[in-house]
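Student: Contents of my_file-v2.csv (CSV, C-alpha atoms) are given next:
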chain,number,residue,atom,x,y,z
A,49,MET,CA,18.4,-93.1,-22.7
A,50,VAL,CA,20.6,-90.1,-23.5
A,51,ILE,CA,18.8,-86.8,-23.5
A,52,THR,CA,20.6,-83.7,-24.7
A,53,ILE,CA,18.8,-80.5,-24.0
A,54,GLU,CA,21.7,-78.3,-25.2
A,55,LEU,CA,21.7,-78.9,-28.9
A,56,ASN,CA,24.7,-78.1,-31.2
A,57,LYS,CA,24.3,-75.9,-34.3
A,58,ARG,CA,23.8,-78.8,-36.7
A,59,GLN,CA,21.1,-80.4,-34.6
A,60,GLU,CA,19.3,-77.0,-34.4
A,61,LYS,CA,19.5,-76.8,-38.2
A,62,ILE,CA,18.0,-80.3,-38.5
A,63,LEU,CA,15.2,-79.4,-36.2
A,64,GLN,CA,14.4,-76.3,-38.3
A,65,ILE,CA,14.4,-78.4,-41.5
A,66,VAL,CA,12.0,-80.9,-40.0
A,67,LYS,CA,9.8,-78.1,-38.7
A,68,ASP,CA,9.6,-76.5,-42.1
A,69,ASN,CA,9.4,-79.7,-44.3
A,70,GLY,CA,8.2,-82.6,-42.1
A,71,PRO,CA,7.5,-85.3,-42.6
A,72,ILE,CA,10.9,-85.6,-44.3
A,73,THR,CA,13.3,-88.5,-44.8
A,74,GLY,CA,16.8,-88.7,-43.5
A,75,GLU,CA,18.1,-88.6,-47.0
A,76,HIS,CA,16.3,-85.4,-47.8
A,77,ILE,CA,17.6,-83.8,-44.6
A,78,ALA,CA,21.1,-84.8,-45.6
A,79,ASP,CA,20.7,-83.3,-49.0
A,80,LYS,CA,19.6,-80.0,-47.6
A,81,LEU,CA,22.7,-79.9,-45.4
A,82,ASN,CA,25.0,-81.2,-48.2
A,83,LEU,CA,26.0,-84.0,-45.9
A,84,THR,CA,25.8,-87.8,-46.1
A,85,ARG,CA,23.1,-89.8,-44.3
A,86,ALA,CA,25.8,-91.6,-42.3
A,87,THR,CA,27.1,-88.3,-41.0
A,88,LEU,CA,23.6,-87.2,-39.8
A,89,ARG,CA,22.7,-90.6,-38.3
A,90,PRO,CA,24.0,-89.8,-34.7
A,91,ASP,CA,22.3,-86.4,-34.6
A,92,LEU,CA,19.0,-87.9,-35.8
A,93,ALA,CA,19.3,-90.7,-33.2
A,94,ILE,CA,19.9,-88.1,-30.4
A,95,LEU,CA,17.1,-85.9,-31.5
A,96,THR,CA,14.7,-88.8,-31.7
A,97,MET,CA,15.7,-90.4,-28.4
A,98,ALA,CA,15.4,-87.0,-26.7
A,99,GLY,CA,11.9,-86.6,-28.0
A,100,TYR,CA,12.4,-83.6,-30.3
A,101,LEU,CA,11.7,-85.7,-33.3
A,102,GLU,CA,9.5,-88.7,-34.1
A,103,ALA,CA,10.6,-91.2,-36.7
A,104,ARG,CA,8.1,-93.2,-38.6
A,105,PRO,CA,9.2,-96.1,-41.0
A,106,ARG,CA,8.8,-95.3,-44.7
A,107,VAL,CA,7.4,-91.9,-43.9
A,108,GLY,CA,10.2,-89.9,-42.3
A,109,TYR,CA,10.8,-87.5,-39.4
A,110,PHE,CA,8.2,-85.3,-37.7
A,111,TYR,CA,8.8,-82.4,-35.3
A,112,THR,CA,7.1,-83.1,-32.0
A,113,GLY,CA,6.7,-79.4,-31.2
A,114,LYS,CA,7.9,-79.7,-27.6
A,115,THR,CA,10.5,-77.7,-25.8
A,116,GLY,CA,13.2,-79.1,-23.6
A,117,SER,CA,11.2,-78.3,-20.5
A,118,GLN,CA,8.1,-80.0,-21.9
A,119,LEU,CA,10.1,-83.1,-22.8
A,120,LEU,CA,11.5,-83.2,-19.3
A,121,THR,CA,8.0,-82.8,-17.8
A,122,ASP,CA,6.7,-85.6,-20.0
A,123,LYS,CA,9.5,-87.9,-18.8
A,124,VAL,CA,8.8,-87.1,-15.1
A,125,LYS,CA,5.1,-87.8,-15.6
A,126,LYS,CA,5.9,-91.3,-16.8
A,127,PHE,CA,7.7,-92.2,-13.5
A,128,GLN,CA,5.8,-94.9,-11.6
A,129,VAL,CA,5.9,-95.9,-8.0
A,130,LYS,CA,7.0,-99.4,-8.8
A,131,ASP,CA,10.2,-98.0,-10.4
A,132,TYR,CA,11.4,-96.4,-7.1
A,133,GLN,CA,9.7,-98.2,-4.3
A,134,SER,CA,11.5,-99.7,-1.3
A,135,ILE,CA,10.9,-102.6,1.1
A,136,PRO,CA,8.2,-101.8,3.8
A,137,VAL,CA,8.9,-102.3,7.5
A,138,VAL,CA,5.8,-103.8,9.2
A,139,VAL,CA,4.9,-104.6,12.8
A,140,ASN,CA,2.0,-106.5,14.3
A,141,GLU,CA,-0.7,-104.5,15.9
A,142,SER,CA,-0.1,-106.3,19.2
A,143,VAL,CA,3.5,-105.3,19.7
A,144,SER,CA,4.4,-102.7,22.3
A,145,VAL,CA,5.2,-99.1,21.6
A,146,TYR,CA,8.7,-99.8,23.0
A,147,ASP,CA,9.3,-102.6,20.5
A,148,ALA,CA,8.0,-100.4,17.7
A,149,ILE,CA,10.5,-97.7,18.7
A,150,CYS,CA,13.3,-100.2,18.7
A,151,THR,CA,12.2,-101.5,15.2
A,152,MET,CA,12.1,-98.0,13.8
A,153,PHE,CA,15.6,-97.3,15.1
A,154,LEU,CA,17.1,-100.6,14.0
A,155,GLU,CA,15.6,-100.4,10.5
A,156,ASP,CA,16.4,-96.7,10.2
A,157,VAL,CA,13.0,-95.8,8.8
A,158,GLY,CA,10.5,-93.0,9.7
A,159,THR,CA,7.3,-94.9,9.2
A,160,LEU,CA,6.1,-98.4,10.3
A,161,PHE,CA,3.1,-100.1,8.8
A,162,VAL,CA,0.9,-102.1,11.2
A,163,VAL,CA,-0.7,-105.3,10.2
A,164,ASP,CA,-3.1,-107.8,11.9
A,165,GLU,CA,-2.7,-111.5,12.3
A,166,GLY,CA,-3.7,-112.1,8.7
A,167,ALA,CA,-1.0,-109.6,7.4
A,168,ALA,CA,-3.7,-107.1,6.4
A,169,LEU,CA,-2.9,-103.4,6.8
A,170,VAL,CA,-4.7,-101.9,9.8
A,171,GLY,CA,-2.6,-98.9,10.7
A,172,VAL,CA,0.5,-96.6,10.3
A,173,LEU,CA,3.0,-95.4,12.8
A,174,SER,CA,5.1,-92.3,12.3
A,175,ARG,CA,8.0,-90.9,14.3
A,176,LYS,CA,5.5,-88.3,15.7
A,177,ASP,CA,3.1,-91.0,16.9
A,178,LEU,CA,5.9,-92.8,18.8
A,179,LEU,CA,7.4,-89.6,20.2
A,180,ARG,CA,4.0,-88.4,21.4
A,181,ALA,CA,3.4,-91.8,23.1
A,182,SER,CA,6.8,-91.7,24.8
A,183,LEU,CA,6.2,-88.4,26.6
A,184,GLY,CA,5.2,-88.6,30.2
A,185,LYS,CA,5.6,-91.5,32.6
A,186,GLN,CA,3.7,-94.2,30.6
A,187,GLU,CA,5.0,-97.7,30.6
A,188,LEU,CA,5.9,-98.2,26.9
A,189,ASN,CA,6.3,-102.0,27.2
A,190,SER,CA,2.6,-102.3,28.2
A,191,ILE,CA,1.0,-100.1,25.5
A,192,PRO,CA,0.2,-101.8,22.2
A,193,VAL,CA,0.8,-99.8,19.0
A,194,ASN,CA,-2.9,-100.2,18.0
A,195,ILE,CA,-3.7,-97.7,20.7
A,196,ILE,CA,-1.6,-94.9,19.1
A,197,MET,CA,-1.5,-95.7,15.4
A,198,THR,CA,-3.4,-94.0,12.6
A,199,ARG,CA,-6.2,-96.4,11.7
A,200,MET,CA,-8.1,-97.3,8.6
A,201,PRO,CA,-9.8,-95.6,6.8
A,202,ASN,CA,-7.6,-92.6,7.6
A,203,ILE,CA,-4.5,-94.1,5.9
A,204,THR,CA,-3.3,-92.6,2.7
A,205,MET,CA,-2.1,-95.3,0.3
A,206,CYS,CA,-1.0,-95.8,-3.2
A,207,LEU,CA,-0.6,-98.5,-5.9
A,208,LYS,CA,2.6,-99.6,-7.6
A,209,GLU,CA,1.2,-98.3,-11.0
A,210,ASP,CA,0.5,-94.8,-9.6
A,211,SER,CA,2.4,-91.8,-10.9
A,212,LEU,CA,5.4,-90.7,-8.7
A,213,ILE,CA,4.2,-87.1,-9.2
A,214,ASP,CA,0.8,-87.9,-7.8
A,215,VAL,CA,2.3,-89.6,-4.8
A,216,ALA,CA,4.6,-86.7,-4.2
A,217,ARG,CA,1.6,-84.4,-4.1
A,218,LYS,CA,-0.1,-86.7,-1.5
A,219,LEU,CA,3.0,-86.6,0.7
A,220,ILE,CA,3.1,-82.8,0.5
A,221,GLU,CA,-0.7,-82.4,1.0
A,222,LYS,CA,-0.8,-84.8,4.0
A,223,GLN,CA,2.6,-83.6,5.4
A,224,ILE,CA,3.7,-87.2,5.8
A,225,ASP,CA,7.0,-89.0,5.1
A,226,ALA,CA,5.9,-92.2,3.4
A,227,LEU,CA,3.0,-94.1,1.9
A,228,PRO,CA,2.3,-97.8,1.9
A,229,ILE,CA,2.1,-99.4,-1.5
A,230,VAL,CA,-0.8,-101.8,-1.4
A,231,LYS,CA,-2.8,-104.4,-3.2
A,232,GLU,CA,-6.2,-106.0,-2.5
A,233,THR,CA,-6.2,-109.6,-1.4
A,234,GLU,CA,-8.8,-112.0,0.0
A,235,ARG,CA,-7.5,-111.2,3.5
A,236,GLY,CA,-7.7,-107.5,3.1
A,237,ILE,CA,-5.2,-104.8,2.0
A,238,GLU,CA,-1.7,-106.1,1.8
A,239,VAL,CA,1.4,-103.9,2.1
A,240,ILE,CA,3.8,-104.7,-0.8
A,241,GLY,CA,6.2,-101.8,-0.6
A,242,ARG,CA,6.7,-98.2,0.5
A,243,ILE,CA,7.4,-94.9,-1.2
A,244,THR,CA,9.1,-92.1,0.7
A,245,LYS,CA,10.4,-88.6,0.3
A,246,THR,CA,13.8,-90.2,0.0
A,247,ASN,CA,12.7,-92.4,-2.8
A,248,ILE,CA,11.4,-89.4,-4.7
A,249,THR,CA,14.6,-87.4,-4.1
A,250,LYS,CA,16.6,-90.3,-5.5
A,251,ALA,CA,14.4,-90.3,-8.6
A,252,LEU,CA,15.1,-86.6,-9.1
A,253,VAL,CA,18.8,-87.1,-8.7
A,254,ALA,CA,18.8,-90.0,-11.2
A,255,LEU,CA,16.9,-87.8,-13.6
A,256,ALA,CA,19.4,-84.9,-13.2
A,257,ASP,CA,22.3,-87.3,-13.8
A,258,ASP,CA,20.6,-88.7,-16.9
A,259,GLU,CA,20.1,-85.1,-18.2
A,260,LEU,CA,23.8,-84.4,-17.8
A,261,VAL,CA,25.0,-87.4,-19.7
Could you quickly redo this structure as structure tokens?

Tutor:
Amino acid sequence: MVITIELNKRQEKILQIVKDNGPITGEHIADKLNLTRATLRPDLAILTMAGYLEARPRVGYFYTGKTGSQLLTDKVKKFQVKDYQSIPVVVNESVSVYDAICTMFLEDVGTLFVVDEGAALVGVLSRKDLLRASLGKQELNSIPVNIIMTRMPNITMCLKEDSLIDVARKLIEKQIDALPIVKETERGIEVIGRITKTNITKALVALADDELV
């Protein structure tokens, strides 16, 4: 979708006409501007796609009453986790802290999700957890991750249908880097994805690029 926040003079005139006379047909808008319907068609399409106007068949155009910032806010609120999620990296609860550190390094992630033999989520491992465990003279090959992980029910989770804004708030509130995206199964809670601060940053960059089109 093309969203144009900076409107040209003709588009501003169209908005004012619709504000004052809506609902109003495209033909009547064209008459007021002494232009043809075909000439106005691109402007009306842009204003409608951007959310400034709403078009209803056989009725005409309505002014939505929203500013550019309100339209942007509305668009952001529609972002869902499933649109920006990435693949989760999981480890079994019996693996050693050493193996978990290697997995985190090789997969280049900041959070590991820990599952049991039935693939149900039982814990979360962060960089801080693994760093804390590696301090001192402990034998990391002999310590299973289930000793140091954050356990249920202290895990913050989300669903793929959740709002990206709500998830961002959770990340800030909990001061964590990622959330597991889960679903309920007969075996327990299954991890089907992850959402991270990086995912949210990518969404903001994509939004900015879209706005500049």

Student: At a cut-off of 10 Å from (4.0, -98.4, 24.9) in the coordinates of the file, what residues are picked up using all atoms listed in the file, written as a ChimeraX atom specification?

Tutor: /A:143-149,178,181-182,186-196

Student: Please determine, counting all atoms listed in the file, which residue among A:Leu95, A:Ile135, A:Leu252, A:Leu173 has the shortest atom-to-atom distance to Ile229 in chain A.

Tutor: A:Ile135

Student: Compile the contact shell of Arg242 in chain A as a short mmCIF file (atom, residue, chain, number, x, y, z; two decimals) with C-alpha atoms, in the coordinates of the input: residues with an atom at most 8 Å away, counting all atoms listed in the file, same-chain residues fewer than 3 positions apart removed.

Tutor:
data_model
loop_
_atom_site.label_atom_id
_atom_site.label_comp_id
_atom_site.auth_asym_id
_atom_site.auth_seq_id
_atom_site.Cartn_x
_atom_site.Cartn_y
_atom_site.Cartn_z
CA GLN A 133 9.70 -98.20 -4.30
CA SER A 134 11.50 -99.70 -1.30
CA ILE A 135 10.90 -102.60 1.10
CA PRO A 136 8.20 -101.80 3.80
CA ALA A 226 5.90 -92.20 3.40
CA LEU A 227 3.00 -94.10 1.90
CA PRO A 228 2.30 -97.80 1.90
CA ILE A 229 2.10 -99.40 -1.50
CA VAL A 239 1.40 -103.90 2.10
#

Student: Out of A:Val253, A:Cys150, A:Val172, A:Leu81, which residue has the shortest atom-to-atom distance to Ile203 in chain A when counting all atoms listed in the file?

Tutor: A:Val172

Student: Can you work out the spacing between CA of Glu141 in chain A and CA of Ala168 in chain A in Å, to one decimal?

Tutor: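 Taking CA of Glu141 in chain A and CA of Ala168 in chain A, their separation equals 10.3 Å.
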
Student: From the options A:Tyr132, A:Ile62, A:Lys176, A:Leu255, which residue's atoms come nearest to Thr96 in chain A, counting only C-alpha atoms?

Tutor: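 Looking only at the distances to Thr96 in chain A, the closest residue turns out to be A:Ile62.
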
Student: Which value, in Å to one decimal, gives the distance between CA of Met205 in chain A and CA of Lys126 in chain A?

Tutor: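 These atoms are spaced 19.3 Å apart.
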
Student: Tell me which of A:Asp131, A:Val230, A:Val170, A:Lys185 sits closest to Pro201 in chain A, counting only C-alpha atoms.

Tutor: A:Val170

Student: Using only C-alpha atoms, find the one residue out of A:Leu63, A:Ser174, A:Lys208, A:Gly166 that sits nearest to Gly241 in chain A.

Tutor: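 The answer is A:Lys208, which sits nearest to Gly241 in chain A.
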
Student: What gap, in Å, lies between CA of Ser142 in chain A and CA of Asp156 in chain A?

Tutor: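 Taking CA of Ser142 in chain A and CA of Asp156 in chain A, their separation equals 21.1 Å.
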
Student: Can you work out which one of A:Asp164, A:Asp210, A:Asp91, A:Asp68 has the shortest atom-to-atom distance to Asn140 in chain A, counting all atoms listed in the file?

Tutor: A:Asp164

Student: As an mmCIF file with C-alpha atoms, keeping the file's coordinate frame, please: the residues near range 70-73 of chain A (cut-off 12 Å, only C-alpha atoms, same-chain neighbours under 2 positions excluded).

Tutor:
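Full text of around27.cif as output:
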data_model
loop_
_atom_site.group_PDB
_atom_site.id
_atom_site.type_symbol
_atom_site.label_atom_id
_atom_site.label_comp_id
_atom_site.auth_asym_id
_atom_site.auth_seq_id
_atom_site.Cartn_x
_atom_site.Cartn_y
_atom_site.Cartn_z
ATOM 1 C CA ILE A 62 18.000 -80.300 -38.500
ATOM 2 C CA LEU A 63 15.200 -79.400 -36.200
ATOM 3 C CA GLN A 64 14.400 -76.300 -38.300
ATOM 4 C CA ILE A 65 14.400 -78.400 -41.500
ATOM 5 C CA VAL A 66 12.000 -80.900 -40.000
ATOM 6 C CA LYS A 67 9.800 -78.100 -38.700
ATOM 7 C CA ASP A 68 9.600 -76.500 -42.100
ATOM 8 C CA GLU A 75 18.100 -88.600 -47.000
ATOM 9 C CA HIS A 76 16.300 -85.400 -47.800
ATOM 10 C CA ILE A 77 17.600 -83.800 -44.600
ATOM 11 C CA ALA A 78 21.100 -84.800 -45.600
ATOM 12 C CA ASP A 79 20.700 -83.300 -49.000
ATOM 13 C CA LYS A 80 19.600 -80.000 -47.600
ATOM 14 C CA ARG A 85 23.100 -89.800 -44.300
ATOM 15 C CA LEU A 88 23.600 -87.200 -39.800
ATOM 16 C CA ARG A 89 22.700 -90.600 -38.300
ATOM 17 C CA LEU A 92 19.000 -87.900 -35.800
ATOM 18 C CA LEU A 101 11.700 -85.700 -33.300
ATOM 19 C CA GLU A 102 9.500 -88.700 -34.100
ATOM 20 C CA ALA A 103 10.600 -91.200 -36.700
ATOM 21 C CA ARG A 104 8.100 -93.200 -38.600
ATOM 22 C CA PRO A 105 9.200 -96.100 -41.000
ATOM 23 C CA ARG A 106 8.800 -95.300 -44.700
ATOM 24 C CA VAL A 107 7.400 -91.900 -43.900
ATOM 25 C CA GLY A 108 10.200 -89.900 -42.300
ATOM 26 C CA TYR A 109 10.800 -87.500 -39.400
ATOM 27 C CA PHE A 110 8.200 -85.300 -37.700
ATOM 28 C CA TYR A 111 8.800 -82.400 -35.300
ATOM 29 C CA THR A 112 7.100 -83.100 -32.000
ATOM 30 C CA GLY A 113 6.700 -79.400 -31.200
#

Student: Please identify all polymer residues lying at most 6 Å from the point (5.6, -92.2, -5.1) (file coordinates), using all atoms listed in the file, and present the result as a ChimeraX atom specification.

Tutor: /A:129,212,215-216,243

Student: If I only want range 181-223 of chain A, can you write it with N, CA and C atoms, as a PDB file, in the first residue's frame?

Tutor:
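Heads up, here's the output in result.pdb:
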ATOM      1  N   ALA A 181      26.029 -18.666  34.746  1.00  0.00           N
ATOM      2  CA  ALA A 181      26.399 -20.048  35.032  1.00  0.00           C
ATOM      3  C   ALA A 181      27.867 -20.325  34.712  1.00  0.00           C
ATOM      4  N   SER A 182      28.429 -19.568  33.783  1.00  0.00           N
ATOM      5  CA  SER A 182      29.816 -19.821  33.369  1.00  0.00           C
ATOM      6  C   SER A 182      30.842 -19.163  34.282  1.00  0.00           C
ATOM      7  N   LEU A 183      30.381 -18.302  35.173  1.00  0.00           N
ATOM      8  CA  LEU A 183      31.308 -17.671  36.101  1.00  0.00           C
ATOM      9  C   LEU A 183      31.784 -18.672  37.161  1.00  0.00           C
ATOM     10  N   GLY A 184      32.995 -18.514  37.605  1.00  0.00           N
ATOM     11  CA  GLY A 184      33.524 -19.429  38.611  1.00  0.00           C
ATOM     12  C   GLY A 184      34.204 -20.631  37.988  1.00  0.00           C
ATOM     13  N   LYS A 185      34.313 -21.683  38.761  1.00  0.00           N
ATOM     14  CA  LYS A 185      35.059 -22.866  38.319  1.00  0.00           C
ATOM     15  C   LYS A 185      34.153 -24.076  38.122  1.00  0.00           C
ATOM     16  N   GLN A 186      32.907 -23.833  37.764  1.00  0.00           N
ATOM     17  CA  GLN A 186      31.979 -24.936  37.575  1.00  0.00           C
ATOM     18  C   GLN A 186      32.278 -25.677  36.271  1.00  0.00           C
ATOM     19  N   GLU A 187      31.989 -26.967  36.275  1.00  0.00           N
ATOM     20  CA  GLU A 187      32.170 -27.795  35.088  1.00  0.00           C
ATOM     21  C   GLU A 187      30.902 -27.716  34.235  1.00  0.00           C
ATOM     22  N   LEU A 188      30.973 -26.898  33.184  1.00  0.00           N
ATOM     23  CA  LEU A 188      29.770 -26.609  32.411  1.00  0.00           C
ATOM     24  C   LEU A 188      29.221 -27.815  31.664  1.00  0.00           C
ATOM     25  N   ASN A 189      30.080 -28.788  31.375  1.00  0.00           N
ATOM     26  CA  ASN A 189      29.622 -29.993  30.679  1.00  0.00           C
ATOM     27  C   ASN A 189      28.737 -30.865  31.558  1.00  0.00           C
ATOM     28  N   SER A 190      28.808 -30.665  32.870  1.00  0.00           N
ATOM     29  CA  SER A 190      28.063 -31.537  33.781  1.00  0.00           C
ATOM     30  C   SER A 190      26.817 -30.873  34.364  1.00  0.00           C
ATOM     31  N   ILE A 191      26.575 -29.616  34.003  1.00  0.00           N
ATOM     32  CA  ILE A 191      25.407 -28.904  34.531  1.00  0.00           C
ATOM     33  C   ILE A 191      24.310 -28.860  33.464  1.00  0.00           C
ATOM     34  N   PRO A 192      23.156 -29.488  33.715  1.00  0.00           N
ATOM     35  CA  PRO A 192      22.062 -29.422  32.731  1.00  0.00           C
ATOM     36  C   PRO A 192      21.386 -28.048  32.767  1.00  0.00           C
ATOM     37  N   VAL A 193      20.858 -27.637  31.640  1.00  0.00           N
ATOM     38  CA  VAL A 193      20.269 -26.297  31.566  1.00  0.00           C
ATOM     39  C   VAL A 193      19.041 -26.146  32.456  1.00  0.00           C
ATOM     40  N   ASN A 194      18.385 -27.256  32.802  1.00  0.00           N
ATOM     41  CA  ASN A 194      17.182 -27.125  33.631  1.00  0.00           C
ATOM     42  C   ASN A 194      17.502 -26.650  35.043  1.00  0.00           C
ATOM     43  N   ILE A 195      18.793 -26.602  35.389  1.00  0.00           N
ATOM     44  CA  ILE A 195      19.207 -26.084  36.684  1.00  0.00           C
ATOM     45  C   ILE A 195      19.211 -24.557  36.693  1.00  0.00           C
ATOM     46  N   ILE A 196      19.503 -23.944  35.552  1.00  0.00           N
ATOM     47  CA  ILE A 196      19.688 -22.487  35.508  1.00  0.00           C
ATOM     48  C   ILE A 196      18.614 -21.735  34.732  1.00  0.00           C
ATOM     49  N   MET A 197      17.749 -22.450  34.036  1.00  0.00           N
ATOM     50  CA  MET A 197      16.771 -21.784  33.168  1.00  0.00           C
ATOM     51  C   MET A 197      15.659 -21.116  33.977  1.00  0.00           C
ATOM     52  N   THR A 198      14.964 -20.188  33.338  1.00  0.00           N
ATOM     53  CA  THR A 198      13.741 -19.624  33.894  1.00  0.00           C
ATOM     54  C   THR A 198      12.619 -20.615  33.616  1.00  0.00           C
ATOM     55  N   ARG A 199      11.901 -21.003  34.654  1.00  0.00           N
ATOM     56  CA  ARG A 199      10.911 -22.066  34.525  1.00  0.00           C
ATOM     57  C   ARG A 199       9.487 -21.529  34.413  1.00  0.00           C
ATOM     58  N   MET A 200       8.616 -22.414  33.938  1.00  0.00           N
ATOM     59  CA  MET A 200       7.191 -22.138  34.007  1.00  0.00           C
ATOM     60  C   MET A 200       6.802 -22.076  35.486  1.00  0.00           C
ATOM     61  N   PRO A 201       5.886 -21.233  35.922  1.00  0.00           N
ATOM     62  CA  PRO A 201       5.045 -20.350  35.107  1.00  0.00           C
ATOM     63  C   PRO A 201       5.612 -18.928  34.971  1.00  0.00           C
ATOM     64  N   ASN A 202       6.919 -18.799  35.141  1.00  0.00           N
ATOM     65  CA  ASN A 202       7.537 -17.469  35.103  1.00  0.00           C
ATOM     66  C   ASN A 202       8.016 -17.063  33.715  1.00  0.00           C
ATOM     67  N   ILE A 203       7.474 -17.712  32.684  1.00  0.00           N
ATOM     68  CA  ILE A 203       7.868 -17.408  31.308  1.00  0.00           C
ATOM     69  C   ILE A 203       6.823 -16.502  30.668  1.00  0.00           C
ATOM     70  N   THR A 204       7.259 -15.404  30.106  1.00  0.00           N
ATOM     71  CA  THR A 204       6.364 -14.510  29.373  1.00  0.00           C
ATOM     72  C   THR A 204       6.257 -15.011  27.942  1.00  0.00           C
ATOM     73  N   MET A 205       5.029 -15.239  27.488  1.00  0.00           N
ATOM     74  CA  MET A 205       4.801 -15.823  26.166  1.00  0.00           C
ATOM     75  C   MET A 205       3.844 -14.948  25.364  1.00  0.00           C
ATOM     76  N   CYS A 206       3.665 -15.298  24.102  1.00  0.00           N
ATOM     77  CA  CYS A 206       2.681 -14.601  23.279  1.00  0.00           C
ATOM     78  C   CYS A 206       2.119 -15.566  22.244  1.00  0.00           C
ATOM     79  N   LEU A 207       1.036 -15.153  21.606  1.00  0.00           N
ATOM     80  CA  LEU A 207       0.399 -15.917  20.539  1.00  0.00           C
ATOM     81  C   LEU A 207       0.656 -15.226  19.208  1.00  0.00           C
ATOM     82  N   LYS A 208       0.556 -15.964  18.117  1.00  0.00           N
ATOM     83  CA  LYS A 208       0.853 -15.390  16.803  1.00  0.00           C
ATOM     84  C   LYS A 208      -0.149 -14.310  16.409  1.00  0.00           C
ATOM     85  N   GLU A 209      -1.349 -14.326  17.005  1.00  0.00           N
ATOM     86  CA  GLU A 209      -2.359 -13.314  16.689  1.00  0.00           C
ATOM     87  C   GLU A 209      -2.218 -12.059  17.540  1.00  0.00           C
ATOM     88  N   ASP A 210      -1.297 -12.051  18.490  1.00  0.00           N
ATOM     89  CA  ASP A 210      -1.138 -10.895  19.373  1.00  0.00           C
ATOM     90  C   ASP A 210      -0.634  -9.679  18.609  1.00  0.00           C
ATOM     91  N   SER A 211      -0.962  -8.513  19.131  1.00  0.00           N
ATOM     92  CA  SER A 211      -0.484  -7.262  18.549  1.00  0.00           C
ATOM     93  C   SER A 211       1.006  -7.098  18.785  1.00  0.00           C
ATOM     94  N   LEU A 212       1.719  -6.647  17.755  1.00  0.00           N
ATOM     95  CA  LEU A 212       3.153  -6.424  17.882  1.00  0.00           C
ATOM     96  C   LEU A 212       3.440  -5.342  18.923  1.00  0.00           C
ATOM     97  N   ILE A 213       2.561  -4.367  19.042  1.00  0.00           N
ATOM     98  CA  ILE A 213       2.730  -3.307  20.033  1.00  0.00           C
ATOM     99  C   ILE A 213       2.630  -3.881  21.442  1.00  0.00           C
ATOM    100  N   ASP A 214       1.670  -4.779  21.675  1.00  0.00           N
ATOM    101  CA  ASP A 214       1.522  -5.392  22.993  1.00  0.00           C
ATOM    102  C   ASP A 214       2.757  -6.199  23.362  1.00  0.00           C
ATOM    103  N   VAL A 215       3.312  -6.896  22.382  1.00  0.00           N
ATOM    104  CA  VAL A 215       4.524  -7.683  22.625  1.00  0.00           C
ATOM    105  C   VAL A 215       5.710  -6.769  22.932  1.00  0.00           C
ATOM    106  N   ALA A 216       5.801  -5.666  22.205  1.00  0.00           N
ATOM    107  CA  ALA A 216       6.879  -4.707  22.457  1.00  0.00           C
ATOM    108  C   ALA A 216       6.798  -4.189  23.886  1.00  0.00           C
ATOM    109  N   ARG A 217       5.591  -3.928  24.357  1.00  0.00           N
ATOM    110  CA  ARG A 217       5.417  -3.465  25.736  1.00  0.00           C
ATOM    111  C   ARG A 217       5.894  -4.516  26.735  1.00  0.00           C
ATOM    112  N   LYS A 218       5.605  -5.785  26.440  1.00  0.00           N
ATOM    113  CA  LYS A 218       6.052  -6.862  27.329  1.00  0.00           C
ATOM    114  C   LYS A 218       7.577  -6.944  27.377  1.00  0.00           C
ATOM    115  N   LEU A 219       8.206  -6.816  26.218  1.00  0.00           N
ATOM    116  CA  LEU A 219       9.670  -6.873  26.170  1.00  0.00           C
ATOM    117  C   LEU A 219      10.285  -5.741  26.993  1.00  0.00           C
ATOM    118  N   ILE A 220       9.696  -4.563  26.894  1.00  0.00           N
ATOM    119  CA  ILE A 220      10.204  -3.419  27.650  1.00  0.00           C
ATOM    120  C   ILE A 220       9.951  -3.603  29.142  1.00  0.00           C
ATOM    121  N   GLU A 221       8.733  -4.024  29.478  1.00  0.00           N
ATOM    122  CA  GLU A 221       8.352  -4.183  30.880  1.00  0.00           C
ATOM    123  C   GLU A 221       9.207  -5.238  31.577  1.00  0.00           C
ATOM    124  N   LYS A 222       9.420  -6.359  30.894  1.00  0.00           N
ATOM    125  CA  LYS A 222      10.170  -7.463  31.492  1.00  0.00           C
ATOM    126  C   LYS A 222      11.683  -7.334  31.297  1.00  0.00           C
ATOM    127  N   GLN A 223      12.092  -6.371  30.448  1.00  0.00           N
ATOM    128  CA  GLN A 223      13.510  -6.164  30.138  1.00  0.00           C
ATOM    129  C   GLN A 223      14.160  -7.449  29.607  1.00  0.00           C
TER     130      GLN A 223
END
